[in-house]
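Q: Input file: work_26.txt. Contents: compact mmCIF, C-alpha atoms.
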```
# COMPACT_ATOMS: atom_id res chain seq x y z
CA MET A 375 -30.56 44.81 -82.73
CA GLN A 376 -33.96 43.95 -81.48
CA GLN A 377 -32.65 40.62 -80.32
CA ASN A 378 -29.93 42.38 -78.48
CA GLY A 379 -32.46 44.69 -76.98
CA SER A 380 -34.69 41.89 -76.00
CA SER A 381 -31.84 39.98 -74.55
CA GLY A 382 -30.81 43.09 -72.66
CA SER A 383 -34.30 43.50 -71.31
CA ASN A 384 -34.35 39.86 -70.33
CA GLY A 385 -31.00 40.34 -68.66
CA SER A 386 -32.31 43.31 -66.77
CA ASP A 387 -35.37 41.31 -65.75
CA GLY A 388 -33.07 38.50 -64.60
CA CYS A 389 -31.00 40.96 -62.65
CA SER A 390 -34.14 42.36 -61.03
CA ARG A 391 -35.30 38.88 -60.12
CA GLU A 392 -31.84 38.12 -58.78
CA ARG A 393 -31.99 41.28 -56.71
CA GLN A 394 -35.37 40.22 -55.36
CA SER A 395 -34.02 36.77 -54.51
CA LEU A 396 -31.25 38.41 -52.51
CA SER A 397 -33.50 39.49 -49.71
CA PHE A 398 -30.74 39.79 -47.09
CA SER A 399 -29.59 43.22 -46.01
CA PRO A 400 -25.81 43.43 -46.20
CA LEU A 401 -23.87 45.55 -43.81
CA PRO A 402 -23.79 49.25 -44.82
CA ALA A 403 -20.06 49.24 -45.34
CA ALA A 404 -20.26 46.29 -47.79
CA THR A 405 -23.38 47.36 -49.81
CA THR A 406 -21.44 49.01 -52.65
CA ARG A 407 -19.20 45.98 -52.99
CA VAL A 408 -22.15 43.58 -53.30
CA ARG A 409 -23.88 45.75 -55.95
CA ARG A 410 -20.71 45.87 -58.01
CA PHE A 411 -20.56 42.08 -58.10
CA ILE A 412 -24.23 41.88 -59.19
CA GLN A 413 -23.86 44.43 -62.01
CA GLU A 414 -20.76 42.71 -63.38
CA ARG A 415 -22.59 39.35 -63.18
CA ARG A 416 -19.84 37.83 -61.13
CA THR A 417 -20.42 35.17 -58.54
CA LEU A 418 -20.12 36.27 -54.99
CA PRO A 419 -16.98 34.96 -53.30
CA LEU A 420 -17.27 32.64 -50.36
CA PRO A 421 -17.02 34.38 -47.00
CA ARG A 422 -13.52 34.44 -45.60
CA VAL A 423 -12.68 33.94 -41.97
CA MET A 424 -10.08 36.30 -40.64
CA VAL A 425 -8.39 35.70 -37.27
CA VAL A 426 -6.83 38.87 -35.94
CA PHE A 427 -4.33 38.94 -33.09
CA SER A 428 -3.72 42.28 -31.51
CA ALA A 429 -1.46 43.47 -28.76
CA ALA A 430 -2.79 43.76 -25.22
CA GLY A 431 -4.87 46.89 -24.77
CA ASP A 432 -5.83 47.28 -28.48
CA THR A 433 -9.54 47.74 -29.15
CA GLU A 434 -11.46 46.58 -32.20
CA LYS A 435 -12.02 49.24 -34.87
CA PRO A 436 -15.70 49.58 -35.93
CA SER A 437 -14.70 50.44 -39.54
CA ASP A 438 -13.46 46.88 -40.19
CA ALA A 439 -16.71 45.22 -41.28
CA MET A 440 -15.32 41.81 -42.07
CA SER A 441 -13.58 41.42 -38.74
CA SER A 442 -16.68 42.60 -36.87
CA SER A 443 -18.97 40.25 -38.79
CA ASP A 444 -16.76 37.26 -38.07
CA SER A 445 -15.98 38.10 -34.45
CA ALA A 446 -18.38 35.42 -33.23
CA GLU A 447 -16.44 32.74 -35.08
CA ASP A 448 -13.12 33.90 -33.63
CA ASP A 449 -14.17 32.59 -30.19
CA PHE A 450 -14.36 29.05 -31.59
CA ARG A 451 -11.11 29.10 -33.58
CA LYS A 452 -7.59 28.88 -32.18
CA PRO A 453 -4.44 29.73 -34.11
CA ALA A 454 -2.17 26.92 -35.21
CA SER A 455 0.88 28.87 -34.03
CA PRO A 456 1.16 31.89 -31.75
CA SER A 457 1.40 35.30 -33.34
CA PRO A 458 4.56 37.34 -32.74
CA ASN A 459 2.36 40.25 -31.69
CA LEU A 460 0.60 38.19 -29.01
CA THR A 461 1.53 39.28 -25.51
CA LEU A 462 1.45 36.91 -22.51
CA SER A 463 0.09 38.06 -19.19
CA LYS A 464 2.47 35.77 -17.22
CA PRO A 465 6.12 35.11 -18.01
CA LEU A 466 7.12 31.57 -18.90
CA ARG A 467 8.87 29.58 -16.18
CA SER A 468 12.50 28.83 -16.64
CA PRO A 469 13.40 25.13 -16.91
CA LEU A 470 14.22 23.36 -13.66
CA ASN A 471 17.83 23.05 -12.71
CA THR A 472 18.48 19.31 -12.76
CA GLN A 473 22.23 19.58 -12.29
CA GLU A 474 23.45 17.58 -9.29
CA GLN A 475 25.21 19.38 -6.48
CA GLU A 476 28.95 18.79 -6.27
CA PHE A 477 30.78 18.25 -2.96
CA PRO A 478 34.44 18.61 -2.02
CA GLU A 479 36.50 15.57 -1.14
CA VAL A 480 36.70 16.62 2.54
CA ILE A 481 33.35 17.39 4.22
CA SER A 482 32.91 19.59 7.29
CA LEU A 483 29.77 18.76 9.26
CA ASN A 484 27.76 20.47 11.97
CA VAL A 485 25.62 17.83 13.68
CA GLY A 486 23.46 19.49 16.30
CA GLY A 487 26.25 21.94 17.22
CA MET A 488 29.08 19.38 17.23
CA TYR A 489 31.67 19.61 14.46
CA PHE A 490 33.02 16.67 12.47
CA THR A 491 35.31 16.34 9.48
CA THR A 492 35.38 13.30 7.22
CA ARG A 493 35.85 12.24 3.63
CA LEU A 494 33.00 12.26 1.15
CA SER A 495 33.65 8.59 0.37
CA THR A 496 33.11 7.74 4.06
CA LEU A 497 29.61 9.21 4.03
CA ARG A 498 28.87 7.31 0.81
CA ARG A 499 30.23 4.00 2.12
CA TYR A 500 26.85 2.24 1.96
CA GLU A 501 24.46 3.28 -0.77
CA ASP A 502 21.16 2.52 0.97
CA THR A 503 21.73 4.89 3.87
CA MET A 504 20.44 8.32 4.72
CA LEU A 505 23.93 9.87 4.68
CA ALA A 506 24.70 8.49 1.21
CA ALA A 507 21.41 9.91 -0.08
CA MET A 508 22.04 13.31 1.53
CA PHE A 509 25.47 13.65 -0.08
CA SER A 510 24.54 12.13 -3.42
CA GLY A 511 24.03 15.60 -4.93
CA ARG A 512 20.30 15.13 -5.45
CA HIS A 513 19.22 16.92 -2.26
CA TYR A 514 19.74 20.36 -0.81
CA ILE A 515 21.71 20.49 2.46
CA PRO A 516 21.73 23.72 4.47
CA ARG A 517 24.97 25.19 5.78
CA ASP A 518 25.80 27.09 8.93
CA ALA A 519 27.49 30.49 9.07
CA GLU A 520 30.94 28.87 8.68
CA GLY A 521 29.91 26.89 5.60
CA ARG A 522 29.63 23.51 7.32
CA TYR A 523 26.88 21.17 6.17
CA PHE A 524 24.24 21.11 8.89
CA ILE A 525 22.38 18.02 10.16
CA ASP A 526 19.64 18.72 12.70
CA ARG A 527 20.36 15.77 14.99
CA ASP A 528 22.04 15.23 18.35
CA GLY A 529 25.72 14.71 17.59
CA ALA A 530 26.63 12.92 20.83
CA TYR A 531 26.88 9.54 19.07
CA PHE A 532 27.64 10.68 15.52
CA GLY A 533 31.33 9.97 16.11
CA ASP A 534 30.46 6.29 16.66
CA ILE A 535 28.59 6.33 13.35
CA LEU A 536 31.63 7.72 11.54
CA ASN A 537 33.99 5.22 13.19
CA PHE A 538 31.90 2.35 11.87
CA LEU A 539 31.74 3.87 8.38
CA ARG A 540 35.52 4.38 8.39
CA GLU A 541 36.76 1.02 9.63
CA GLY A 542 33.83 -1.01 10.99
CA GLU A 543 34.54 -0.14 14.65
CA LEU A 544 31.70 -0.90 17.09
CA PRO A 545 30.92 1.19 20.18
CA HIS A 546 31.50 0.24 23.80
CA ARG A 547 28.79 -1.84 25.45
CA ASP A 548 27.34 1.04 27.46
CA ARG A 549 26.83 3.01 24.23
CA VAL A 550 25.33 0.18 22.15
CA ARG A 551 21.67 1.03 22.74
CA ALA A 552 22.11 4.72 21.97
CA VAL A 553 24.19 4.06 18.84
CA HIS A 554 21.57 1.54 17.74
CA ARG A 555 18.93 4.28 17.83
CA GLU A 556 21.15 6.57 15.76
CA ALA A 557 21.81 3.77 13.27
CA GLN A 558 18.06 3.35 12.89
CA TYR A 559 17.69 7.08 12.18
CA TYR A 560 20.44 7.09 9.54
CA ALA A 561 19.23 3.71 8.16
CA ILE A 562 22.67 2.07 8.33
CA GLY A 563 21.72 -1.59 7.92
CA PRO A 564 25.20 -3.16 8.36
CA LEU A 565 25.68 -1.31 11.66
CA LEU A 566 22.26 -2.42 12.90
CA ASP A 567 23.04 -6.04 12.09
CA SER A 568 26.41 -5.84 13.88
CA LEU A 569 24.98 -4.21 17.00
CA GLU A 570 22.18 -6.75 17.31
CA GLU A 571 24.75 -9.54 17.53
CA ILE A 572 26.46 -8.21 20.65
CA GLN A 573 25.37 -7.52 24.20
CA PRO A 574 23.11 -6.13 25.46
CA LEU A 575 20.98 -6.31 22.30
CA THR A 576 21.47 -10.06 21.88
CA GLY A 577 20.16 -10.65 25.37
CA GLU A 578 17.28 -8.31 24.63
CA LYS A 579 16.26 -10.44 21.64
CA VAL A 580 16.23 -13.59 23.81
CA ARG A 581 14.28 -11.79 26.52
CA GLN A 582 11.76 -10.48 24.01
CA ALA A 583 11.19 -14.01 22.70
CA PHE A 584 10.01 -14.94 26.20
CA LEU A 585 7.84 -11.83 26.63
CA ASP A 586 6.15 -12.55 23.30
CA LEU A 587 4.42 -15.44 25.11
CA LEU A 588 2.57 -12.79 27.12
CA PRO A 589 0.97 -10.42 24.54
CA TYR A 590 -0.64 -8.42 27.36
CA TYR A 591 2.71 -7.71 29.06
CA LYS A 592 3.07 -4.06 27.94
CA ASP A 593 -0.55 -3.26 28.77
CA ASN A 594 -0.17 -4.69 32.27
CA LEU A 595 3.02 -2.71 32.73
CA GLU A 596 1.12 0.46 31.91
CA ARG A 597 -1.59 -0.48 34.41
CA ILE A 598 1.00 -0.89 37.17
CA VAL A 599 2.33 2.61 36.54
CA GLU A 600 -1.11 4.22 36.33
CA ILE A 601 -2.48 2.54 39.47
CA ALA A 602 0.65 3.34 41.49
CA LYS A 603 0.58 6.99 40.40
CA LEU A 604 -3.11 7.36 41.20
CA ARG A 605 -2.78 5.85 44.68
CA ALA A 606 0.27 7.95 45.54
CA MET A 607 -1.53 11.14 44.46
CA GLN A 608 -4.70 10.26 46.37
CA LYS A 609 -2.79 9.53 49.59
CA LYS A 610 -0.20 12.28 49.03
CA ALA A 611 2.39 9.57 49.64
CA ARG A 612 5.96 9.03 48.45
CA PHE A 613 5.24 5.46 47.39
CA ALA A 614 2.35 3.16 46.55
CA LYS A 615 1.79 -0.56 47.00
CA LEU A 616 0.12 -2.98 44.59
CA LYS A 617 -0.80 -6.66 44.69
CA ILE A 618 0.32 -8.53 41.57
CA CYS A 619 -0.31 -12.20 40.81
CA VAL A 620 2.38 -13.97 38.77
CA TYR A 621 1.74 -17.63 37.99
CA LYS A 622 3.11 -19.99 35.39
CA GLU A 623 0.68 -22.94 35.44
CA GLU A 624 -2.60 -22.61 33.61
CA MET A 625 -4.59 -24.48 36.29
CA PRO A 626 -4.21 -24.20 40.05
CA ILE A 627 -2.84 -27.39 41.54
CA THR A 628 -1.65 -28.31 44.99
CA PRO A 629 1.89 -29.52 45.76
CA TYR A 630 0.45 -33.04 46.35
CA GLU A 631 -0.93 -33.22 42.79
CA ARG A 632 2.14 -31.88 40.98
CA PRO A 633 4.06 -35.22 40.73
CA LEU A 634 1.06 -36.79 38.96
CA PHE A 635 1.46 -34.62 35.87
CA ASN A 636 4.43 -34.48 33.52
CA SER A 637 3.35 -31.53 31.34
CA LEU A 638 3.20 -27.86 32.18
CA ARG A 639 -0.53 -27.83 31.47
CA PHE A 640 -2.92 -29.35 33.96
CA GLU A 641 -5.19 -31.51 31.80
CA ARG A 642 -8.88 -31.38 32.65
CA SER A 643 -12.08 -31.62 30.67
CA ASP A 644 -13.79 -28.44 29.53
CA SER A 645 -16.57 -28.80 32.09
CA GLU A 646 -14.05 -29.28 34.90
CA ALA A 647 -11.89 -26.40 33.65
CA LYS A 648 -14.77 -23.95 34.01
CA LEU A 649 -15.04 -24.82 37.69
CA PHE A 650 -11.48 -23.60 38.18
CA GLU A 651 -11.84 -20.36 36.27
CA HIS A 652 -11.52 -17.38 38.59
CA HIS A 653 -9.77 -14.06 39.06
CA CYS A 654 -7.52 -13.50 41.99
CA GLU A 655 -8.23 -10.40 44.04
CA VAL A 656 -5.20 -8.45 42.87
CA ASP A 657 -4.48 -5.28 40.90
CA VAL A 658 -2.68 -6.93 37.97
CA SER A 659 -2.23 -10.55 36.97
CA PHE A 660 0.45 -12.19 34.74
CA GLY A 661 0.15 -15.75 33.45
CA PRO A 662 0.00 -18.47 32.48
CA TRP A 663 2.75 -19.32 29.97
CA GLU A 664 4.66 -22.34 28.68
CA ALA A 665 8.42 -21.87 28.74
CA VAL A 666 11.47 -22.78 30.76
CA ALA A 667 11.56 -19.27 32.20
CA ASP A 668 9.80 -19.22 35.56
CA VAL A 669 8.02 -16.71 37.78
CA TYR A 670 11.24 -15.11 39.03
CA ASP A 671 12.36 -14.43 35.48
CA LEU A 672 9.14 -12.55 34.77
CA LEU A 673 9.46 -10.61 38.02
CA HIS A 674 12.94 -9.54 36.94
CA CYS A 675 11.54 -8.31 33.60
CA ILE A 676 8.89 -6.21 35.35
CA VAL A 677 11.35 -4.58 37.74
CA SER A 678 13.97 -3.88 35.05
CA ASP A 679 11.41 -2.40 32.62
CA LEU A 680 10.13 -0.08 35.33
CA ALA A 681 13.72 0.93 36.08
CA GLU A 682 14.17 1.84 32.39
CA ARG A 683 11.45 4.44 32.97
CA GLY A 684 13.18 5.76 36.03
CA ILE A 685 10.69 4.11 38.41
CA THR A 686 12.05 2.33 41.47
CA ALA A 687 10.18 -0.91 42.23
CA GLU A 688 10.63 -3.49 44.98
CA GLN A 689 8.74 -6.77 45.24
CA GLN A 690 8.24 -9.56 47.75
CA CYS A 691 5.96 -12.58 47.95
CA ILE A 692 3.23 -12.18 50.56
CA GLY A 693 1.52 -15.56 50.12
CA VAL A 694 -0.87 -17.28 47.74
CA CYS A 695 -4.38 -16.54 46.62
CA ASP A 696 -5.79 -19.49 48.62
CA LYS A 697 -9.27 -18.96 47.19
CA HIS A 698 -11.55 -22.01 47.53
CA LEU A 699 -12.51 -23.43 44.13
CA ILE A 700 -14.23 -26.80 44.46
CA ASN A 701 -14.07 -29.71 46.90
CA HIS A 702 -10.57 -29.70 48.39
CA TYR A 703 -9.05 -27.49 45.67
CA TYR A 704 -7.75 -24.05 46.54
CA CYS A 705 -5.98 -21.46 44.36
CA LYS A 706 -2.25 -21.59 44.97
CA ARG A 707 -1.18 -18.75 42.70
CA PRO A 708 1.56 -16.66 44.36
CA ILE A 709 0.79 -13.03 45.21
CA TYR A 710 3.53 -10.40 45.20
CA GLU A 711 3.48 -6.97 46.75
CA PHE A 712 5.12 -4.28 44.61
CA LYS A 713 6.29 -1.06 46.24
CA ILE A 714 6.60 1.77 43.71
CA THR A 715 8.67 4.72 44.96
CA TRP A 716 8.12 8.04 43.18
CA TRP A 717 10.78 10.21 44.80
```
Let me see whether you can do it: turn the structure in this file into structure tokens.
A:
Amino acid sequence: MQQNGSSGSNGSDGCSRERQSLSFSPLPAATTRVRRFIQERRTLPLPRVMVVFSAAGDTEKPSDAMSSSDSAEDDFRKPASPSPNLTLSKPLRSPLNTQEQEFPEVISLNVGGMYFTTRLSTLRRYEDTMLAAMFSGRHYIPRDAEGRYFIDRDGAYFGDILNFLREGELPHRDRVRAVHREAQYYAIGPLLDSLEEIQPLTGEKVRQAFLDLLPYYKDNLERIVEIAKLRAMQKKARFAKLKICVYKEEMPITPYERPLFNSLRFERSDSEAKLFEHHCEVDVSFGPWEAVADVYDLLHCIVSDLAERGITAEQQCIGVCDKHLINHYYCKRPIYEFKITWW
């Protein structure tokens, strides 16, 4: 009995020491629970982490001690799966509609206010074209009030496009350039290739091969227009005149020296060539170049390109530069007077 009493006193001393070792102050709501575990000599359970999901607008209850004590840990933990009580602030997006648009066999078109009717297979004749892509079902095509598919493009030459897609028919010569521009817009490669093999586009390719020898040609053409416009505005005149030098040979030579040289270039040493370098007193100068095409061919290009802009130009030769160079050499480059009429 005494042993039991002694052991009981020792146990009480151990409990008191254990109470002293537990120096932490538990939360008021959990004090009774902790004392019960100590008196029954049971080990304290490990702390549990509770993740609580509540509906939107719910507030945390202060009576729940465990949830309040572990609230700091909740910010660092994410649920493995969403709770059924969790509410979303934004609705989920519906999946995209990837279904291709379907078209009828006969298509009614409104091209810039002009109406056309054709088969769907005609518009899909060539795969790598704009029309085939538009009516592939992958793109949205607006419709007019009558339900026709609308294409925001001038329809003046769309009939020529359809005729080629139907049976390979090419337009009349006076419509070739305009249809070529439309074929470029709709990216119809076979039509572009066919148009470039007939006049006037074939002649244009040959002409452009000659003009490529003069990389400054377009810049000089712009200078002619700007100078003529400025002079006409300053003088309040209907037309303006310019002096333009057009020469083919690289070096100035006299008619007496020409038979001595077989090539188009006049061969001189570098030191001698510098003595002949000069600029004629003109507004614009073209040359030199090496080709069979001569000065009159270039003059024709200048006049026709100005006419394409609606500018009327007349030209006539008024002489040569005749500037003294060295010894008995004089510049023999021809000078042309251009008359630009504005109205």
Q: Choose the residue, out of A:Leu494, A:Leu587, A:Val669, A:Val580, that has the smallest atom-to-atom separation from Ile618 in chain A; count only C-alpha atoms.
A: A:Val669
Q: Let me make sure I understand: among A:Gln690, A:Glu474, A:Ala552, A:Cys675, which one has the smallest atom-to-atom distance to Tyr591 in chain A if we use only C-alpha atoms?
A: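 Of all the options, A:Cys675 lies closest to Tyr591 in chain A.
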Q: Name all residues at most 12 Å from Ala606 in chain A (count only C-alpha atoms; drop same-chain ones fewer than 6 positions away) and give them as a PDB file with C-alpha atoms, in the frame of the given file.
A:
```pdb
ATOM      1  CA  VAL A 599       2.330   2.610  36.540  1.00  0.00           C
ATOM      2  CA  GLU A 600      -1.110   4.220  36.330  1.00  0.00           C
ATOM      3  CA  ARG A 612       5.960   9.030  48.450  1.00  0.00           C
ATOM      4  CA  PHE A 613       5.240   5.460  47.390  1.00  0.00           C
ATOM      5  CA  ALA A 614       2.350   3.160  46.550  1.00  0.00           C
ATOM      6  CA  LYS A 615       1.790  -0.560  47.000  1.00  0.00           C
ATOM      7  CA  LEU A 616       0.120  -2.980  44.590  1.00  0.00           C
ATOM      8  CA  LYS A 713       6.290  -1.060  46.240  1.00  0.00           C
ATOM      9  CA  ILE A 714       6.600   1.770  43.710  1.00  0.00           C
ATOM     10  CA  THR A 715       8.670   4.720  44.960  1.00  0.00           C
ATOM     11  CA  TRP A 716       8.120   8.040  43.180  1.00  0.00           C
ATOM     12  CA  TRP A 717      10.780  10.210  44.800  1.00  0.00           C
TER      13      TRP A 717
END
```
Q: Considering all atoms listed in the file, return as a list in words whatever protein or nucleic-acid residues lie within 9 Å of Gln475 in chain A, sequence-local ones (same chain, fewer than 4 positions apart) excluded.
A: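 Selected residues are Phe509, Ser510, Gly511, Arg512, His513 and Tyr514 of chain A.
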Q: Measure the distance from CA of Leu505 in chain A to CA of Ser482 in chain A in Å and round it to one decimal.
A: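 CA of Leu505 in chain A sits 13.5 Å away from CA of Ser482 in chain A.
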Q: What is the distance between CA of Arg555 in chain A and CA of Asp567 in chain A, in Å to one decimal?
A: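 That distance, rounded to one decimal, is 12.5 Å.
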Q: From the options A:Gln608, A:Thr576, A:Lys603, A:Val658, which residue's atoms come nearest to Tyr590 in chain A, counting only C-alpha atoms?
A: A:Val658
Q: Quick one: everything within 6 Å of range 529-534 of chain A, counting only C-alpha atoms, minus sequence neighbours fewer than 2 positions away in the same chain. Send it as a tab-separated table (two decimals) with C-alpha atoms, in the frame of the given file.
A:
```tsv
chain	number	residue	atom	x	y	z
A	485	VAL	CA	25.62	17.83	13.68
A	486	GLY	CA	23.46	19.49	16.30
A	488	MET	CA	29.08	19.38	17.23
A	536	LEU	CA	31.63	7.72	11.54
A	537	ASN	CA	33.99	5.22	13.19
```
Q: Excluding same-chain residues fewer than 3 positions from Leu575 in chain A, what lies within 10 Å of it counting only C-alpha atoms, as a ChimeraX atom specification?
A: /A:547,550-551,554,569-572,578-581
Q: Keeping only C-alpha atoms, take the residues you just selected and write them out as a PDB file, in the coordinates of the input.
A:
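What follows is the written file part-v9.pdb:
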```pdb
ATOM      1  CA  ARG A 547      28.790  -1.840  25.450  1.00  0.00           C
ATOM      2  CA  VAL A 550      25.330   0.180  22.150  1.00  0.00           C
ATOM      3  CA  ARG A 551      21.670   1.030  22.740  1.00  0.00           C
ATOM      4  CA  HIS A 554      21.570   1.540  17.740  1.00  0.00           C
ATOM      5  CA  LEU A 569      24.980  -4.210  17.000  1.00  0.00           C
ATOM      6  CA  GLU A 570      22.180  -6.750  17.310  1.00  0.00           C
ATOM      7  CA  GLU A 571      24.750  -9.540  17.530  1.00  0.00           C
ATOM      8  CA  ILE A 572      26.460  -8.210  20.650  1.00  0.00           C
ATOM      9  CA  GLU A 578      17.280  -8.310  24.630  1.00  0.00           C
ATOM     10  CA  LYS A 579      16.260 -10.440  21.640  1.00  0.00           C
ATOM     11  CA  VAL A 580      16.230 -13.590  23.810  1.00  0.00           C
ATOM     12  CA  ARG A 581      14.280 -11.790  26.520  1.00  0.00           C
TER      13      ARG A 581
END
```
Q: Please list, as a ChimeraX atom specification, the residues that have an atom at most 10 Å away from (8.6, -15.4, 38.6) in the coordinates of this file, counting all atoms listed in the file.
A: /A:619-622,660-661,667-676,708,710
Q: Closest to Leu566 in chain A among A:Thr503, A:Glu520, A:Asp657, A:Gln582, using all atoms listed in the file?
A: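 Answer, going by the shortest atom-to-atom distance: A:Thr503.
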Q: So, with all atoms listed in the file as the atoms that count, which of A:Gln558, A:Leu565, A:His698, A:Arg549 lies closest to Cys654 in chain A?
A: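 Of A:Gln558, A:Leu565, A:His698, A:Arg549, the one nearest Cys654 in chain A is A:His698, counting all atoms listed in the file.
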Q: Neighbours of Glu479 in chain A within 9 Å (all atoms listed in the file; same-chain residues fewer than 2 positions away dropped), as a list in words?
A: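 Using all atoms listed in the file, the neighbours found are Phe477, Ile481, Thr492, Arg493, Leu494 and Ser495 of chain A.
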Q: State, in Å with one decimal place, the distance from CA of Pro564 in chain A to CA of Tyr500 in chain A.
A: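 Atom-to-atom, CA of Pro564 in chain A and CA of Tyr500 in chain A are spaced 8.5 Å apart.
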Q: Let me make sure I understand: among A:His546, A:Arg527, A:Lys617, A:Ile601, which one has the smallest atom-to-atom distance to Gln573 in chain A if we use all atoms listed in the file?
A: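 Using all atoms listed in the file, the shortest distance to Gln573 in chain A belongs to A:His546.
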